[in-house]
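Below is one structure; the comments refer to it alone.
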Amino acid sequence: MQSIIELKNVNKWFGEFQVLKDINLQVSQKEKIVICGPSGSGKSTLIRCINRLEEHQKGDIIVDGITLDANTKNIEKIRSEVGMVFQQFNLFPHLTILDNCTLAPIWVKKKTKKEAEEIATKYLEKVQIIDQAKKFPGQLSGGQQQRAAIARALCMEPNIMLFDEPTSALDPEMIKEVLDVMVDLANGGMTMCVVTHEMGFAKEVADRVIFMDEGKIVEEKPTQQFFNNPENERTKLFLSQILN
Amino acid sequence: MKILSKTLNKINIFLENNPKITIYFPQFLIILVLTIIISYFSLNASTNMAARGIETGFAFLKNKASFDIQFSLIEFDSNDSYARAYLVGLLNTLLVSGIGIFFATVIGFFVGIIRLSTNILASKVAEAYIEIFRNIPLLLQIFFWYFAVLRLLPSSENSLILFDFVFANIKGIYVPRFVWTNFNFLTYGLVVSILAIYIFRFYSKKKQDLTGVQVPTFTTSLIIFVVINLLFIIIGNVGLSLTYPVLETNRGIHNYSGGVSVIPELIALAFSLSLYTSTFIAECVRAGILGIDKGQKEAAASIGLSKSQILKLIVIPQALRIIIPPVTNQYLNLTKNSSLAAAIAYPDIVLVFAGTALMQTGKAIEIVSITMLTYLTLSISISLFMNWYNKKNSLTER
């Protein structure tokens, strides 16, 4: 299978501190990978590099055939093909849910308002908050906000979706409604990179699990093998803590 | 002892059964005390004034003022009434505050944005500007521009002449007066071009809604403005001639006449008020822009918006709502600070009315109350307007 995301020897520093050390990773079309690891291991930074919210200093990142570098034209093209969902939702508080969703289709894809609203309606229905479309983000619960944020990203009809700890800021009872939407999306054939601690979600949908520690990929295995016989000591320790 | 505790107990039970009394009684008490104090002082003042034969009332406003005002937006001479002198002072206060608010806002927004520039030189220059003008007392700055800069200008006969257009001397700055022919055509042009831009904006929004095509609104608006006004100027044969100020000598005293003159007091005051207040506005602007969560910009970038779109659609609408309330405060401060005019004898309402008029009439209570009420009205008007504007930009939550 052809890989849609390719990272070759990627290195990144924040000042003196090296967050990513020689990362090599390939993700195929329609593949779902889960990235886990302790805090500060560089997993968020890694997926933020994929849509260049962070710039890497060494190595190559190729997304959908386009190499990410200082060329801005490429970046906006990549970003409109790669959707991202954040831990803190980051909905635009001054716009209604519907306007949050139609903003990028109108301004980036130059859709008409009617077309944009049709797209938004379709995805808001998919995440089951179409009844909240006219409300502002501040009027919604955390779970509803995160589903709206997923719909906003989907409205650009991306090939790839990146999730940066999408359930970490939610109340326990709201986690499920967001995960359900993500499972649904995965079953629909979306290419997904998910940073999460939800191991249940990983077991259910992931093709591969990647474990990171101190800026390196420590273990990378198909899901079954990852949970059943991890090799690395650090992975075993992490799994034993997170699963119990 | 027993009776006392019994009564206290009874009162307690009564209060518990009537919670409204516990709420309203202290407030009632405070109002009562205030009313007594105020009535005591007013009574005292009126008996004392009556004893000394001082008349009270506002009849004096109709009397002849018999003093001159050096600078006035409306016709005024010593035969006019105190009421007209009040109006002159009020207009002068409004003039200097208006000029001050305009320039403080423009400079403030500019410096505030520069302060956030990634260019170190630019941001350091902006920082230095803010630190210098914010930390020197306003009165001192007024003195500086008035005494140290404008007072050093040459006398009328040796005026500093810039481009044969601006004549600066110790008596003020003189520029040619614009004399228009067929001026009304220019006004029509202005009105028509503004209407045209409004209609264009409406239709370009509609066009974007219907077809998704984006029209560069700013550039097109500018072109519409220039073209329509030029058309009107040509068709209406609008002409402009300048009346230059001319140096005249009258009994050995040199003076410029004709043209438009701006007195040095107004320049010094407007200048220092603008510079001083702009530093605070710059900091409000900086706080407003920094106050936008980094996640907002990242989310906007992640859906493919360009840098300028992020600024226009995400950052500015949210920053305005943080910036407006503290900037309102700065507008109020500037308006009130304009009363420092008295220090360099700029004829504002304090100098003319609460100064000269008060000295001449001795109507202290009346004049001071009128002046205070005037400032109060000004401040409340600004604040009501800004509250309305802020409400338009505020967020809906819950």
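Chain labels A, B, ... are given in the sequence in which chains occur in the structure tokens; within each chain residues are numbered consecutively from 1, and ligands are likewise numbered from 1 in the order shown.
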
DSSP strand (DSSP E) residues within range 90-236 of chain A, listed as JSON, numbers by chain: {"A": [160, 161, 162, 163, 164, 191, 192, 193, 194, 195, 208, 209, 210, 211, 212, 213, 216, 217, 218, 219, 220, 221, 222]}

Mind writing the picked residues with N, CA, C and O atoms as a tab-separated table (two decimals), in the first residue's frame?
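In the end it all went to selection04.tsv:
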chain	number	residue	atom	x	y	z
A	160	ILE	N	-6.91	13.09	5.64
A	160	ILE	CA	-6.27	12.60	6.85
A	160	ILE	C	-6.85	13.39	8.03
A	160	ILE	O	-7.09	14.59	7.91
A	161	MET	N	-7.08	12.69	9.15
A	161	MET	CA	-7.50	13.41	10.35
A	161	MET	C	-6.48	13.16	11.46
A	161	MET	O	-6.11	12.01	11.73
A	162	LEU	N	-6.06	14.27	12.11
A	162	LEU	CA	-5.14	14.16	13.24
A	162	LEU	C	-5.92	14.48	14.51
A	162	LEU	O	-6.69	15.44	14.55
A	163	PHE	N	-5.74	13.68	15.52
A	163	PHE	CA	-6.43	13.92	16.80
A	163	PHE	C	-5.38	14.06	17.89
A	163	PHE	O	-4.59	13.15	18.12
A	164	ASP	N	-5.35	15.23	18.55
A	164	ASP	CA	-4.36	15.47	19.60
A	164	ASP	C	-5.06	15.37	20.96
A	164	ASP	O	-5.62	16.34	21.45
A	191	THR	N	-8.22	8.04	7.00
A	191	THR	CA	-6.87	7.85	7.52
A	191	THR	C	-6.76	8.65	8.82
A	191	THR	O	-7.07	9.84	8.83
A	192	MET	N	-6.38	8.00	9.92
A	192	MET	CA	-6.39	8.71	11.19
A	192	MET	C	-5.10	8.49	11.98
A	192	MET	O	-4.59	7.38	12.06
A	193	CYS	N	-4.57	9.60	12.56
A	193	CYS	CA	-3.48	9.51	13.52
A	193	CYS	C	-4.02	10.06	14.83
A	193	CYS	O	-4.40	11.23	14.90
A	194	VAL	N	-4.06	9.24	15.84
A	194	VAL	CA	-4.70	9.64	17.08
A	194	VAL	C	-3.72	9.55	18.25
A	194	VAL	O	-3.17	8.47	18.51
A	195	VAL	N	-3.49	10.69	18.90
A	195	VAL	CA	-2.74	10.67	20.15
A	195	VAL	C	-3.76	10.52	21.26
A	195	VAL	O	-4.65	11.37	21.40
A	208	ARG	N	-2.39	-0.04	13.96
A	208	ARG	CA	-1.06	-0.08	14.53
A	208	ARG	C	-1.00	0.82	15.75
A	208	ARG	O	-1.71	1.84	15.78
A	209	VAL	N	-0.18	0.48	16.72
A	209	VAL	CA	0.01	1.35	17.87
A	209	VAL	C	1.48	1.71	17.95
A	209	VAL	O	2.35	0.86	17.74
A	210	ILE	N	1.72	2.99	18.22
A	210	ILE	CA	3.10	3.46	18.32
A	210	ILE	C	3.32	3.98	19.73
A	210	ILE	O	2.51	4.77	20.24
A	211	PHE	N	4.39	3.51	20.33
A	211	PHE	CA	4.69	3.96	21.69
A	211	PHE	C	5.92	4.84	21.66
A	211	PHE	O	6.95	4.46	21.11
A	212	MET	N	5.79	6.04	22.22
A	212	MET	CA	6.92	6.98	22.21
A	212	MET	C	7.40	7.26	23.62
A	212	MET	O	6.62	7.30	24.56
A	213	ASP	N	8.72	7.45	23.73
A	213	ASP	CA	9.28	7.87	25.01
A	213	ASP	C	10.52	8.71	24.73
A	213	ASP	O	11.34	8.35	23.89
A	216	LYS	N	11.56	9.47	21.10
A	216	LYS	CA	11.86	8.39	20.16
A	216	LYS	C	10.67	7.45	20.06
A	216	LYS	O	9.88	7.32	20.99
A	217	ILE	N	10.55	6.80	18.89
A	217	ILE	CA	9.56	5.73	18.79
A	217	ILE	C	10.21	4.48	19.39
A	217	ILE	O	11.22	3.98	18.89
A	218	VAL	N	9.65	4.03	20.50
A	218	VAL	CA	10.25	2.90	21.22
A	218	VAL	C	9.70	1.59	20.69
A	218	VAL	O	10.43	0.60	20.56
A	219	GLU	N	8.41	1.59	20.39
A	219	GLU	CA	7.80	0.36	19.93
A	219	GLU	C	6.72	0.67	18.91
A	219	GLU	O	5.97	1.64	19.04
A	220	GLU	N	6.64	-0.14	17.86
A	220	GLU	CA	5.68	0.11	16.79
A	220	GLU	C	5.19	-1.24	16.30
A	220	GLU	O	5.95	-2.01	15.73
A	221	LYS	N	3.92	-1.57	16.59
A	221	LYS	CA	3.43	-2.92	16.31
A	221	LYS	C	1.97	-2.89	15.88
A	221	LYS	O	1.23	-1.99	16.27
A	222	PRO	N	1.53	-3.91	15.13
A	222	PRO	CA	0.09	-4.05	14.92
A	222	PRO	C	-0.61	-4.18	16.28
A	222	PRO	O	-0.03	-4.71	17.24

All helix (DSSP H, G or I) residues (DSSP, backbone) inside range 5-95 of chain A, as a VMD selection string: chain A and resid 43 to 50 72 to 81

Chain A contacts on chain B, only C-alpha atoms, 10 Å, as a PyMOL selection string: chain B and resi 205-214+293-307+309+313-315+317-318+321+393-398

Within 8 Å of Phe183 in chain B using only C-alpha atoms, minus same-chain residues under 3 positions, as JSON, numbers by chain: {"B": [180, 186, 187, 238, 239]}

Interatomic distance, CA of Ala345 in chain B to CA of Ser278 in chain B (Å, one decimal):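 Distance reported for this atom pair: 23.4 Å.
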
For Gly59 in chain A: contacts at 8 Å, only C-alpha atoms, fewer than 3 positions along chain excluded, given as a PyMOL selection string: chain A and resi 7-11+22+56
